[in-house]
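Coordinates from my_file.pdb are shown below (PDB, C-alpha atoms).
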ATOM      1  CA  MET F 154      22.355  10.546  -6.445
ATOM      2  CA  SER F 155      21.514   9.437 -10.010
ATOM      3  CA  VAL F 156      19.887   6.131  -8.998
ATOM      4  CA  PHE F 157      17.807   7.819  -6.294
ATOM      5  CA  ARG F 158      16.729  10.492  -8.763
ATOM      6  CA  ALA F 159      15.694   7.909 -11.389
ATOM      7  CA  ILE F 160      13.642   6.017  -8.752
ATOM      8  CA  VAL F 161      11.919   9.176  -7.499
ATOM      9  CA  PHE F 162      11.152  10.471 -11.021
ATOM     10  CA  SER F 163       9.679   7.138 -12.121
ATOM     11  CA  ALA F 164       7.715   6.769  -8.854
ATOM     12  CA  VAL F 165       6.184  10.252  -9.189
ATOM     13  CA  VAL F 166       5.200   9.713 -12.846
ATOM     14  CA  ALA F 167       3.791   6.186 -12.330
ATOM     15  CA  GLY F 168       2.211   7.113  -8.968
ATOM     16  CA  ALA F 169       0.419  10.185 -10.362
ATOM     17  CA  ILE F 170      -1.083   8.195 -13.252
ATOM     18  CA  VAL F 171      -2.068   5.171 -11.161
ATOM     19  CA  GLY F 172      -3.405   7.328  -8.305
ATOM     20  CA  ALA F 173      -5.610   9.261 -10.748
ATOM     21  CA  VAL F 174      -6.905   6.099 -12.484
ATOM     22  CA  VAL F 175      -7.640   4.354  -9.182
ATOM     23  CA  THR F 176      -9.417   7.447  -7.816
ATOM     24  CA  VAL F 177     -11.800   7.331 -10.785
ATOM     25  CA  ALA F 178     -12.300   3.567 -10.342
ATOM     26  CA  GLN F 179     -13.033   4.063  -6.621
ATOM     27  CA  GLN F 180     -15.666   6.714  -7.340
ATOM     28  CA  PHE F 181     -17.663   4.054  -9.173
ATOM     29  CA  GLY F 182     -16.654   1.057  -7.025
ATOM     30  CA  THR F 183     -15.668   1.408  -3.373
ATOM     31  CA  VAL F 184     -16.732   4.976  -2.463
ATOM     32  CA  PRO F 185     -20.522   4.481  -2.987
ATOM     33  CA  LEU F 186     -20.321   1.381  -0.740
ATOM     34  CA  ILE F 187     -18.317   3.286   1.926
ATOM     35  CA  LEU F 188     -21.012   5.995   1.938
ATOM     36  CA  LYS F 189     -23.701   3.316   2.372
ATOM     37  CA  GLY F 190     -21.674   1.782   5.227
ATOM     38  CA  GLU F 191     -21.459   5.184   6.930
ATOM     39  CA  VAL F 192     -25.266   5.354   7.096
ATOM     40  CA  TYR F 193     -25.205   2.189   9.249
ATOM     41  CA  GLU F 194     -22.189   3.518  11.195
ATOM     42  CA  ARG F 195     -24.020   6.721  12.135
ATOM     43  CA  ALA F 196     -27.174   4.804  13.063
ATOM     44  CA  ALA F 197     -25.120   2.436  15.273
ATOM     45  CA  ASP F 198     -23.344   5.383  16.955
ATOM     46  CA  GLU F 199     -26.666   7.070  17.712
ATOM     47  CA  ALA F 200     -28.144   3.809  19.036
ATOM     48  CA  ALA F 201     -25.063   3.207  21.205
ATOM     49  CA  GLN F 202     -25.356   6.684  22.716
ATOM     50  CA  SER F 203     -29.010   6.216  23.649
ATOM     51  CA  ALA F 204     -28.751   2.583  24.822
ATOM     52  CA  GLN F 205     -26.541   0.704  27.300
ATOM     53  CA  PRO F 206     -23.133   0.171  25.683
ATOM     54  CA  THR F 207     -22.653  -3.454  24.653
ATOM     55  CA  PRO F 208     -19.097  -4.896  24.698
ATOM     56  CA  ALA F 209     -18.880  -4.662  20.891
ATOM     57  CA  ALA F 210     -20.206  -1.126  20.819
ATOM     58  CA  HIS F 211     -17.803  -0.179  23.586
ATOM     59  CA  GLU F 212     -14.903  -1.680  21.659
ATOM     60  CA  HIS F 213     -15.879   0.324  18.645
ATOM     61  CA  ALA F 214     -16.380   3.481  20.667
ATOM     62  CA  ASP F 215     -12.681   3.384  21.595
ATOM     63  CA  HIS F 216     -11.719   3.898  17.993
ATOM     64  CA  GLN F 217     -14.402   6.103  16.598
ATOM     65  CA  HIS F 218     -13.650   9.501  15.137
ATOM     66  CA  ASN F 219     -12.683  12.328  17.412
ATOM     67  CA  GLU F 220     -15.561  14.723  16.801
ATOM     68  CA  THR F 221     -13.409  17.824  17.363
ATOM     69  CA  ALA F 222     -10.715  16.838  14.855
ATOM     70  CA  TRP F 223     -10.543  18.460  11.428
ATOM     71  CA  GLU F 224     -12.148  16.541   8.585
ATOM     72  CA  PRO F 225     -12.671  17.407   4.927
ATOM     73  CA  LYS F 226     -16.065  18.772   3.876
ATOM     74  CA  GLU F 227     -18.375  16.325   2.121
ATOM     75  CA  GLY F 228     -18.250  16.314  -1.663
ATOM     76  CA  PHE F 229     -15.389  17.895  -3.587
ATOM     77  CA  GLU F 230     -13.016  18.453  -0.647
ATOM     78  CA  ARG F 231     -13.381  14.880   0.619
ATOM     79  CA  ASN F 232     -12.817  13.469  -2.885
ATOM     80  CA  ALA F 233      -9.857  15.789  -3.498
ATOM     81  CA  PHE F 234      -8.152  14.450  -0.353
ATOM     82  CA  THR F 235      -8.969  10.911  -1.467
ATOM     83  CA  ALA F 236      -7.309  11.606  -4.838
ATOM     84  CA  ALA F 237      -4.235  13.107  -3.135
ATOM     85  CA  ALA F 238      -3.985  10.185  -0.715
ATOM     86  CA  ASN F 239      -4.321   7.703  -3.596
ATOM     87  CA  ILE F 240      -1.519   9.422  -5.526
ATOM     88  CA  LEU F 241       0.693   9.487  -2.396
ATOM     89  CA  THR F 242       0.009   5.780  -1.726
ATOM     90  CA  ALA F 243       0.859   4.937  -5.336
ATOM     91  CA  ILE F 244       4.078   7.017  -5.196
ATOM     92  CA  GLY F 245       5.044   5.331  -1.915
ATOM     93  CA  PHE F 246       4.591   1.820  -3.289
ATOM     94  CA  ALA F 247       6.253   2.859  -6.603
ATOM     95  CA  LEU F 248       9.313   3.987  -4.594
ATOM     96  CA  LEU F 249       9.465   0.446  -3.173
ATOM     97  CA  LEU F 250       9.169  -1.080  -6.668
ATOM     98  CA  GLY F 251      11.720   1.359  -8.125
ATOM     99  CA  GLY F 252      14.152   0.474  -5.330
ATOM    100  CA  ILE F 253      13.768  -3.204  -6.220
ATOM    101  CA  PHE F 254      14.299  -2.471  -9.935
ATOM    102  CA  ALA F 255      17.482  -0.546  -9.090
ATOM    103  CA  LEU F 256      18.755  -3.484  -7.026
ATOM    104  CA  ARG F 257      18.144  -5.900  -9.919
ATOM    105  CA  ALA F 258      21.301  -5.917 -12.007
ATOM    106  CA  ARG F 259      19.591  -5.767 -15.417
ATOM    107  CA  ALA F 260      16.969  -3.435 -16.877
ATOM    108  CA  VAL F 261      13.353  -4.271 -16.037
ATOM    109  CA  THR F 262      10.746  -4.597 -18.810
ATOM    110  CA  TRP F 263       7.063  -3.637 -18.485
ATOM    111  CA  TYR F 264       6.269  -7.352 -18.170
ATOM    112  CA  GLU F 265       8.698  -7.951 -15.312
ATOM    113  CA  GLY F 266       7.321  -4.791 -13.722
ATOM    114  CA  LEU F 267       3.822  -6.291 -14.024
ATOM    115  CA  LEU F 268       4.985  -9.491 -12.284
ATOM    116  CA  TRP F 269       6.553  -7.422  -9.464
ATOM    117  CA  GLY F 270       3.281  -5.504  -9.241
ATOM    118  CA  LEU F 271       1.368  -8.771  -8.855
ATOM    119  CA  ALA F 272       3.797  -9.765  -6.078
ATOM    120  CA  GLY F 273       2.812  -6.459  -4.432
ATOM    121  CA  PHE F 274      -0.872  -7.368  -4.850
ATOM    122  CA  ILE F 275      -0.311 -10.699  -3.076
ATOM    123  CA  THR F 276       1.878  -9.116  -0.372
ATOM    124  CA  PHE F 277      -0.226  -6.045   0.449
ATOM    125  CA  THR F 278      -3.785  -7.081  -0.483
ATOM    126  CA  VAL F 279      -4.302 -10.848  -0.675
ATOM    127  CA  ALA F 280      -2.218 -11.965   2.335
ATOM    128  CA  PRO F 281      -3.401  -9.322   4.870
ATOM    129  CA  GLY F 282      -6.934  -9.593   3.421
ATOM    130  CA  LEU F 283      -7.152 -13.314   4.284
ATOM    131  CA  GLY F 284      -7.115 -12.477   8.002
ATOM    132  CA  LEU F 285      -8.442  -8.914   7.899
ATOM    133  CA  PRO F 286     -10.820  -8.633   4.918
ATOM    134  CA  PRO F 287     -11.553  -5.109   3.624
ATOM    135  CA  GLU F 288     -14.123  -3.643   6.003
ATOM    136  CA  LEU F 289     -16.899  -1.111   5.541
ATOM    137  CA  PRO F 290     -17.451   1.695   8.058
ATOM    138  CA  GLY F 291     -20.006   0.517  10.630
ATOM    139  CA  VAL F 292     -18.549  -2.975  11.050
ATOM    140  CA  PRO F 293     -16.972  -3.313  14.523
ATOM    141  CA  ALA F 294     -13.429  -4.737  14.600
ATOM    142  CA  ALA F 295     -10.662  -5.581  17.080
ATOM    143  CA  ALA F 296      -8.340  -2.893  18.507
ATOM    144  CA  LEU F 297      -6.798  -0.813  15.711
ATOM    145  CA  GLY F 298      -3.188  -1.078  16.937
ATOM    146  CA  GLU F 299      -3.296  -4.880  17.088
ATOM    147  CA  ARG F 300      -4.782  -5.122  13.603
ATOM    148  CA  GLN F 301      -2.142  -2.748  12.218
ATOM    149  CA  VAL F 302       0.673  -4.797  13.769
ATOM    150  CA  TRP F 303      -0.758  -8.028  12.311
ATOM    151  CA  TRP F 304      -1.252  -6.371   8.901
ATOM    152  CA  VAL F 305       2.333  -5.062   8.728
ATOM    153  CA  ALA F 306       3.822  -8.319  10.046
ATOM    154  CA  THR F 307       1.802 -10.358   7.524
ATOM    155  CA  ALA F 308       2.883  -8.156   4.602
ATOM    156  CA  ALA F 309       6.540  -8.368   5.739
ATOM    157  CA  ALA F 310       6.451 -12.158   6.207
ATOM    158  CA  THR F 311       4.752 -12.623   2.817
ATOM    159  CA  ALA F 312       7.291 -10.364   1.073
ATOM    160  CA  VAL F 313      10.258 -12.249   2.532
ATOM    161  CA  GLY F 314       8.523 -15.589   1.855
ATOM    162  CA  LEU F 315       7.889 -14.735  -1.815
ATOM    163  CA  ALA F 316      11.482 -13.494  -2.214
ATOM    164  CA  LEU F 317      12.835 -16.769  -0.784
ATOM    165  CA  LEU F 318      10.511 -18.786  -3.076
ATOM    166  CA  PHE F 319      11.165 -16.991  -6.353
ATOM    167  CA  LEU F 320      14.637 -15.471  -6.002
ATOM    168  CA  ARG F 321      16.536 -18.248  -4.162
ATOM    169  CA  ARG F 322      15.091 -21.286  -5.941
ATOM    170  CA  SER F 323      16.571 -23.862  -3.543
ATOM    171  CA  PRO F 324      14.617 -26.479  -1.554
ATOM    172  CA  TRP F 325      15.441 -25.048   1.898
ATOM    173  CA  ALA F 326      14.499 -21.534   0.770
ATOM    174  CA  ALA F 327      11.214 -22.796  -0.717
ATOM    175  CA  VAL F 328      10.259 -24.559   2.536
ATOM    176  CA  LEU F 329      11.248 -21.558   4.653
ATOM    177  CA  GLY F 330       9.426 -19.195   2.281
ATOM    178  CA  LEU F 331       6.197 -21.204   2.397
ATOM    179  CA  CYS F 332       6.405 -21.408   6.215
ATOM    180  CA  LEU F 333       6.834 -17.624   6.424
ATOM    181  CA  ILE F 334       3.811 -17.068   4.146
ATOM    182  CA  ALA F 335       1.672 -19.446   6.262
ATOM    183  CA  LEU F 336       2.880 -18.302   9.712
ATOM    184  CA  PRO F 337       0.759 -15.128  10.183
ATOM    185  CA  HIS F 338      -2.397 -17.098   9.297
ATOM    186  CA  LEU F 339      -1.496 -19.877  11.751
ATOM    187  CA  ILE F 340      -1.098 -17.226  14.463
ATOM    188  CA  GLY F 341      -4.361 -15.627  13.317
ATOM    189  CA  ALA F 342      -5.481 -12.031  12.897
ATOM    190  CA  PRO F 343      -6.929 -10.145  15.889
ATOM    191  CA  GLN F 344     -10.716 -10.674  15.831
ATOM    192  CA  LEU F 345     -13.640  -9.675  18.035
ATOM    193  CA  GLU F 346     -15.413 -12.628  19.659
ATOM    194  CA  HIS F 347     -18.868 -11.246  18.970
ATOM    195  CA  VAL F 348     -19.552  -8.920  16.070
ATOM    196  CA  HIS F 349     -22.934  -7.291  15.866
ATOM    197  CA  THR F 350     -23.545  -5.047  12.903
ATOM    198  CA  ASP F 351     -26.523  -3.875  10.877
ATOM    199  CA  VAL F 352     -24.366  -3.592   7.743
ATOM    200  CA  PRO F 353     -25.842  -6.227   5.398
ATOM    201  CA  GLU F 354     -23.642  -9.261   4.702
ATOM    202  CA  ALA F 355     -24.158  -8.850   0.935
ATOM    203  CA  LEU F 356     -22.873  -5.247   1.079
ATOM    204  CA  SER F 357     -19.724  -6.323   2.956
ATOM    205  CA  ARG F 358     -19.080  -9.197   0.549
ATOM    206  CA  ASN F 359     -19.589  -6.916  -2.428
ATOM    207  CA  PHE F 360     -17.083  -4.488  -0.895
ATOM    208  CA  VAL F 361     -14.421  -7.208  -0.467
ATOM    209  CA  GLY F 362     -14.732  -8.156  -4.142
ATOM    210  CA  ILE F 363     -14.568  -4.578  -5.414
ATOM    211  CA  VAL F 364     -11.623  -3.632  -3.163
ATOM    212  CA  THR F 365      -9.705  -6.696  -4.365
ATOM    213  CA  LEU F 366     -10.420  -5.912  -8.033
ATOM    214  CA  THR F 367      -9.467  -2.236  -7.632
ATOM    215  CA  SER F 368      -6.277  -3.302  -5.901
ATOM    216  CA  LEU F 369      -5.464  -5.716  -8.748
ATOM    217  CA  LEU F 370      -5.848  -2.795 -11.186
ATOM    218  CA  PHE F 371      -3.684  -0.617  -8.911
ATOM    219  CA  TRP F 372      -0.817  -3.109  -8.656
ATOM    220  CA  ALA F 373      -0.887  -4.317 -12.274
ATOM    221  CA  LEU F 374      -0.742  -0.699 -13.531
ATOM    222  CA  LEU F 375       1.758   0.435 -10.901
ATOM    223  CA  GLY F 376       4.145  -2.472 -11.556
ATOM    224  CA  SER F 377       4.207  -2.142 -15.336
ATOM    225  CA  LEU F 378       4.254   1.687 -15.401
ATOM    226  CA  THR F 379       7.011   1.923 -12.768
ATOM    227  CA  GLY F 380       8.977  -0.654 -14.815
ATOM    228  CA  ILE F 381       8.610   1.394 -18.010
ATOM    229  CA  ALA F 382       9.321   4.711 -16.234
ATOM    230  CA  TYR F 383      12.378   3.410 -14.341
ATOM    231  CA  ARG F 384      13.816   1.922 -17.526
ATOM    232  CA  HIS F 385      13.293   5.281 -19.251
ATOM    233  CA  PHE F 386      14.776   7.469 -16.502
ATOM    234  CA  SER F 387      17.715   5.196 -15.672
ATOM    235  CA  THR F 388      18.769   4.708 -19.322
ATOM    236  CA  SER F 389      18.289   8.375 -20.258
ATOM    237  CA  GLN F 390      20.525   9.275 -17.304
ATOM    238  CA  ASN F 391      23.124   6.730 -18.405
ATOM    239  CA  LYS F 392      23.030   8.150 -21.935
ATOM    240  CA  GLY F 393      23.484  11.653 -20.544
ATOM    241  CA  ALA F 394      26.334  10.442 -18.375
ATOM    242  CA  ARG F 395      27.995   8.707 -21.332
ATOM    243  CA  ALA F 396      27.627  11.843 -23.418
ATOM    244  CA  LEU F 397      29.293  13.841 -20.637
ATOM    245  CA  SER F 398      32.168  11.387 -20.205
ATOM    246  CA  GLY F 399      32.575  10.922 -23.991
TER     247      GLY F 399
ATOM    248  CA  MET T 135      43.861   3.199 -10.020
ATOM    249  CA  GLN T 136      43.637   3.052 -13.845
ATOM    250  CA  PRO T 137      43.262   6.443 -15.559
ATOM    251  CA  ALA T 138      40.265   5.127 -17.561
ATOM    252  CA  GLN T 139      38.440   4.243 -14.333
ATOM    253  CA  ALA T 140      39.288   7.590 -12.836
ATOM    254  CA  VAL T 141      37.604   9.336 -15.778
ATOM    255  CA  SER T 142      34.381   7.315 -15.467
ATOM    256  CA  LEU T 143      34.159   7.514 -11.657
ATOM    257  CA  PRO T 144      31.841  10.530 -11.425
ATOM    258  CA  VAL T 145      29.244   8.856 -13.681
ATOM    259  CA  ALA T 146      29.651   5.172 -12.869
ATOM    260  CA  THR T 147      27.867   4.317  -9.656
ATOM    261  CA  SER T 148      29.440   1.675  -7.477
ATOM    262  CA  ARG T 149      27.337  -1.266  -6.325
ATOM    263  CA  SER T 150      27.242  -0.220  -2.664
ATOM    264  CA  ASN T 151      26.253   3.294  -3.650
ATOM    265  CA  THR T 152      23.387   1.907  -5.769
ATOM    266  CA  VAL T 153      22.216  -0.238  -2.854
ATOM    267  CA  LEU T 154      22.341   2.754  -0.509
ATOM    268  CA  GLN T 155      20.288   4.932  -2.873
ATOM    269  CA  ALA T 156      17.755   2.153  -3.540
ATOM    270  CA  VAL T 157      17.313   1.502   0.190
ATOM    271  CA  LEU T 158      16.931   5.237   0.821
ATOM    272  CA  ALA T 159      14.160   5.452  -1.829
ATOM    273  CA  MET T 160      12.405   2.362  -0.418
ATOM    274  CA  THR T 161      12.542   3.793   3.131
ATOM    275  CA  LEU T 162      11.008   7.030   1.848
ATOM    276  CA  GLY T 163       8.280   4.977   0.113
ATOM    277  CA  LEU T 164       7.478   3.033   3.284
ATOM    278  CA  PHE T 165       7.297   6.289   5.245
ATOM    279  CA  VAL T 166       4.803   7.769   2.742
ATOM    280  CA  VAL T 167       2.634   4.618   2.794
ATOM    281  CA  PHE T 168       2.779   4.563   6.609
ATOM    282  CA  MET T 169       1.641   8.181   6.891
ATOM    283  CA  VAL T 170      -1.261   7.722   4.457
ATOM    284  CA  GLY T 171      -2.380   4.291   5.635
ATOM    285  CA  PHE T 172      -1.431   3.930   9.300
ATOM    286  CA  SER T 173      -0.952   7.296  11.029
ATOM    287  CA  HIS T 174      -3.090   7.708  14.166
ATOM    288  CA  ILE T 175      -3.236  11.515  13.795
ATOM    289  CA  ASP T 176      -6.986  12.296  13.597
ATOM    290  CA  ALA T 177      -6.711  14.855  10.788
ATOM    291  CA  VAL T 178      -4.603  12.446   8.683
ATOM    292  CA  HIS T 179      -7.119   9.663   9.357
ATOM    293  CA  ASN T 180     -10.043  11.855   8.298
ATOM    294  CA  ALA T 181      -8.287  13.071   5.143
ATOM    295  CA  THR T 182      -7.311   9.547   4.045
ATOM    296  CA  HIS T 183     -10.404   7.719   5.375
ATOM    297  CA  ASP T 184     -11.834   6.516   2.046
ATOM    298  CA  VAL T 185      -8.391   5.461   0.780
ATOM    299  CA  ARG T 186      -7.737   3.399   3.914
ATOM    300  CA  HIS T 187     -11.033   1.561   3.502
ATOM    301  CA  SER T 188     -10.544   1.165  -0.261
ATOM    302  CA  ASN T 189      -7.018  -0.239   0.183
ATOM    303  CA  ALA T 190      -8.059  -2.532   3.051
ATOM    304  CA  PHE T 191      -5.677  -0.821   5.492
ATOM    305  CA  PRO T 192      -6.982  -1.350   9.047
ATOM    306  CA  CYS T 193      -9.207   1.639   9.840
ATOM    307  CA  HIS T 194     -11.253   2.900  12.841
TER     308      HIS T 194
END

Take the structure in the file and write it out as structure tokens.
Amino acid sequence: MSVFRAIVFSAVVAGAIVGAVVTVAQQFGTVPLILKGEVYERAADEAAQSAQPTPAAHEHADHQHNETAWEPKEGFERNAFTAAANILTAIGFALLLGGIFALRARAVTWYEGLLWGLAGFITFTVAPGLGLPPELPGVPAAALGERQVWWVATAAATAVGLALLFLRRSPWAAVLGLCLIALPHLIGAPQLEHVHTDVPEALSRNFVGIVTLTSLLFWALLGSLTGIAYRHFSTSQNKGARALSG
Amino acid sequence: MQPAQAVSLPVATSRSNTVLQAVLAMTLGLFVVFMVGFSHIDAVHNATHDVRHSNAFPCH
């Protein structure tokens, strides 16, 4: 399992670094905005409990937190889980990148890794974000399951579309690739007809910008570091193997 | 089979074996991302809440 081992080693190394860096970036960028959003979320929940439920409030009530479920304590515990989840997310996406690098016949440089990382940014942030922009707590949205299906389908269609565009390089593949990239947006993301929220528009817009920037940092770092790490682990294994066979 | 090939077999990985291992690693990666970003288990949601919002995964 030498290829698998090289992918996992490089994913763990790159994922741990990127997860840690992004956690620090989020503490200054997204997390303060999420905490502000939660103030509006709590106020809306309290208002909904005391008033007649409106359709939007009812929709949101279907998906709000289960009060009896475990949740991390505010402060250190919550941030520790955020750090762990960031590292796991980075390792997960690095496993995808490492798998791609292993499938490419030749060794991947940091620069090619960076380009693959940017493809990840377009696939997993830009494309789903066009229909479902990053949202703060307290902003009502359509049913969670429907949004998740659209998100996953959009990422998949964009990934296949980009692969057809850049790896096939033939006219039919380019047309098919562009159609696949456009298709989810022609179908449209699940949206609520009426959205009422007290979360200020400027706060939401600020959040979209910061999430997108943080994600650009995430993918640029993850792509190049996974490229460097996979090159290191796969060639050091080959050297070891050659030494054994020689 | 050539003797030279037979010697290098344990270290040289065949193409289909490489593909299998790469696909296995990618499946594992997708599973990890799915658990962190998409699982409906309440405790998982609460633990990963800020990451889901920060990564623009659908949340709530």

Which residues, written as a PDB file with C-alpha atoms, in the coordinates of the input, have at least one atom at most 10 Å from Pro225 of chain F, with only C-alpha atoms counted and residues fewer than 4 positions away on the same chain left out?
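Contents of around.pdb, freshly written:
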ATOM      1  CA  PHE F 229     -15.389  17.895  -3.587  1.00  0.00           C
ATOM      2  CA  GLU F 230     -13.016  18.453  -0.647  1.00  0.00           C
ATOM      3  CA  ARG F 231     -13.381  14.880   0.619  1.00  0.00           C
ATOM      4  CA  ASN F 232     -12.817  13.469  -2.885  1.00  0.00           C
ATOM      5  CA  ALA F 233      -9.857  15.789  -3.498  1.00  0.00           C
ATOM      6  CA  PHE F 234      -8.152  14.450  -0.353  1.00  0.00           C
ATOM      7  CA  THR F 235      -8.969  10.911  -1.467  1.00  0.00           C
TER       8      THR F 235
ATOM      9  CA  ALA T 177      -6.711  14.855  10.788  1.00  0.00           C
ATOM     10  CA  ASN T 180     -10.043  11.855   8.298  1.00  0.00           C
ATOM     11  CA  ALA T 181      -8.287  13.071   5.143  1.00  0.00           C
ATOM     12  CA  THR T 182      -7.311   9.547   4.045  1.00  0.00           C
ATOM     13  CA  HIS T 183     -10.404   7.719   5.375  1.00  0.00           C
TER      14      HIS T 183
END

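Closest approach to Gly163 of chain T among F:Leu374, F:Leu241, F:Ala167, F:Val175 is made by F:Leu241 (distances from all atoms listed in the file).
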
Which of F:Leu249, F:Leu378, F:Val361, F:Leu315 sits closest to Met160 of chain T [using only C-alpha atoms]: F:Leu249

Sorted per-residue table, chain F near chain T, closest atoms and distance, 7 Å, all atoms listed in the file, as JSON lines:
{"residue": "F:Met154", "atom": "CA", "partner": "T:Gln155", "partner_atom": "CA", "distance": 7.0}
{"residue": "F:Val156", "atom": "CA", "partner": "T:Gln155", "partner_atom": "CA", "distance": 6.3}
{"residue": "F:Phe157", "atom": "CA", "partner": "T:Gln155", "partner_atom": "CA", "distance": 5.1}
{"residue": "F:Ile160", "atom": "CA", "partner": "T:Ala159", "partner_atom": "CA", "distance": 7.0}
{"residue": "F:Thr183", "atom": "CA", "partner": "T:Ser188", "partner_atom": "CA", "distance": 6.0}
{"residue": "F:Val184", "atom": "CA", "partner": "T:Asp184", "partner_atom": "CA", "distance": 6.8}
{"residue": "F:His216", "atom": "CA", "partner": "T:His194", "partner_atom": "CA", "distance": 5.3}
{"residue": "F:Gln217", "atom": "CA", "partner": "T:His194", "partner_atom": "CA", "distance": 5.9}
{"residue": "F:Asn219", "atom": "CA", "partner": "T:Asp176", "partner_atom": "CA", "distance": 6.9}
{"residue": "F:Ala222", "atom": "CA", "partner": "T:Asp176", "partner_atom": "CA", "distance": 6.0}
{"residue": "F:Trp223", "atom": "CA", "partner": "T:Ala177", "partner_atom": "CA", "distance": 5.3}
{"residue": "F:Glu224", "atom": "CA", "partner": "T:Asn180", "partner_atom": "CA", "distance": 5.1}
{"residue": "F:Pro225", "atom": "CA", "partner": "T:Ala181", "partner_atom": "CA", "distance": 6.2}
{"residue": "F:Phe234", "atom": "CA", "partner": "T:Ala181", "partner_atom": "CA", "distance": 5.7}
{"residue": "F:Thr235", "atom": "CA", "partner": "T:Thr182", "partner_atom": "CA", "distance": 5.9}
{"residue": "F:Ala238", "atom": "CA", "partner": "T:Thr182", "partner_atom": "CA", "distance": 5.8}
{"residue": "F:Asn239", "atom": "CA", "partner": "T:Val185", "partner_atom": "CA", "distance": 6.4}
{"residue": "F:Leu241", "atom": "CA", "partner": "T:Val166", "partner_atom": "CA", "distance": 6.8}
{"residue": "F:Thr242", "atom": "CA", "partner": "T:Val167", "partner_atom": "CA", "distance": 5.4}
{"residue": "F:Gly245", "atom": "CA", "partner": "T:Gly163", "partner_atom": "CA", "distance": 3.8}
{"residue": "F:Phe246", "atom": "CA", "partner": "T:Gly163", "partner_atom": "CA", "distance": 5.9}
{"residue": "F:Leu248", "atom": "CA", "partner": "T:Gly163", "partner_atom": "CA", "distance": 4.9}
{"residue": "F:Leu249", "atom": "CA", "partner": "T:Met160", "partner_atom": "CA", "distance": 4.5}
{"residue": "F:Gly252", "atom": "CA", "partner": "T:Ala156", "partner_atom": "CA", "distance": 4.4}
{"residue": "F:Ala255", "atom": "CA", "partner": "T:Ala156", "partner_atom": "CA", "distance": 6.2}
{"residue": "F:Leu256", "atom": "CA", "partner": "T:Val153", "partner_atom": "CA", "distance": 6.3}
{"residue": "F:Pro286", "atom": "CA", "partner": "T:Ala190", "partner_atom": "CA", "distance": 7.0}
{"residue": "F:Pro287", "atom": "CA", "partner": "T:Ala190", "partner_atom": "CA", "distance": 4.4}
{"residue": "F:Glu288", "atom": "CA", "partner": "T:His187", "partner_atom": "CA", "distance": 6.5}
{"residue": "F:Leu289", "atom": "CA", "partner": "T:His187", "partner_atom": "CA", "distance": 6.8}
{"residue": "F:Leu297", "atom": "CA", "partner": "T:His194", "partner_atom": "CA", "distance": 6.5}
{"residue": "F:Arg300", "atom": "CA", "partner": "T:Pro192", "partner_atom": "CA", "distance": 6.3}
{"residue": "F:Gln301", "atom": "CA", "partner": "T:Pro192", "partner_atom": "CA", "distance": 6.0}
{"residue": "F:Val364", "atom": "CA", "partner": "T:Ser188", "partner_atom": "CA", "distance": 5.7}
{"residue": "F:Ser368", "atom": "CA", "partner": "T:Asn189", "partner_atom": "CA", "distance": 6.9}
{"residue": "F:Ala394", "atom": "CA", "partner": "T:Val145", "partner_atom": "CA", "distance": 5.7}
{"residue": "F:Ser398", "atom": "CA", "partner": "T:Ser142", "partner_atom": "CA", "distance": 6.6}

Pick from F:Leu339, F:Tyr383, F:Trp304, F:Ile363, whichever lies nearest to Gln180 of chain F using all atoms listed in the file: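 Distance minimum relative to Gln180 of chain F lands on F:Ile363.
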
In the coordinates of the file, take the point (9.3, -6.9, 1.4) and a cut-off of 10 Å; then, counting only C-alpha atoms, name each qualifying protein, DNA or RNA residue as a PDB file with C-alpha atoms, in the frame of the given file.
ATOM      1  CA  LEU F 249       9.465   0.446  -3.173  1.00  0.00           C
ATOM      2  CA  LEU F 250       9.169  -1.080  -6.668  1.00  0.00           C
ATOM      3  CA  ILE F 253      13.768  -3.204  -6.220  1.00  0.00           C
ATOM      4  CA  ALA F 272       3.797  -9.765  -6.078  1.00  0.00           C
ATOM      5  CA  GLY F 273       2.812  -6.459  -4.432  1.00  0.00           C
ATOM      6  CA  THR F 276       1.878  -9.116  -0.372  1.00  0.00           C
ATOM      7  CA  PHE F 277      -0.226  -6.045   0.449  1.00  0.00           C
ATOM      8  CA  ALA F 308       2.883  -8.156   4.602  1.00  0.00           C
ATOM      9  CA  ALA F 309       6.540  -8.368   5.739  1.00  0.00           C
ATOM     10  CA  ALA F 310       6.451 -12.158   6.207  1.00  0.00           C
ATOM     11  CA  THR F 311       4.752 -12.623   2.817  1.00  0.00           C
ATOM     12  CA  ALA F 312       7.291 -10.364   1.073  1.00  0.00           C
ATOM     13  CA  VAL F 313      10.258 -12.249   2.532  1.00  0.00           C
ATOM     14  CA  GLY F 314       8.523 -15.589   1.855  1.00  0.00           C
ATOM     15  CA  LEU F 315       7.889 -14.735  -1.815  1.00  0.00           C
ATOM     16  CA  ALA F 316      11.482 -13.494  -2.214  1.00  0.00           C
TER      17      ALA F 316
ATOM     18  CA  MET T 160      12.405   2.362  -0.418  1.00  0.00           C
TER      19      MET T 160
END

Atom CA of Ala169 of chain F to atom CA of Val261 of chain F, straight-line distance in Å: 20.2 Å

Residue members of the PyMOL selection byres ((chain F and resi 371) around 9) in the file shown, as a PyMOL selection string: chain F and resi 171-172+174-175+243+270+274+366-370+372-376

Given the PyMOL selection byres ((chain F and resi 381) around 10), the residues it picks as a list in words: Ser163, Ala167, Ala260, Val261, Thr262, Trp263, Tyr264, Glu265, Gly266, Leu267, Leu375, Gly376, Ser377, Leu378, Thr379, Gly380, Ala382, Tyr383, Arg384, His385 and Phe386 of chain F

Closest of F:Ser357, F:Ser323, F:Thr365, F:Gln179 to Leu283 of chain F - atom-to-atom distances counting only C-alpha atoms: F:Thr365
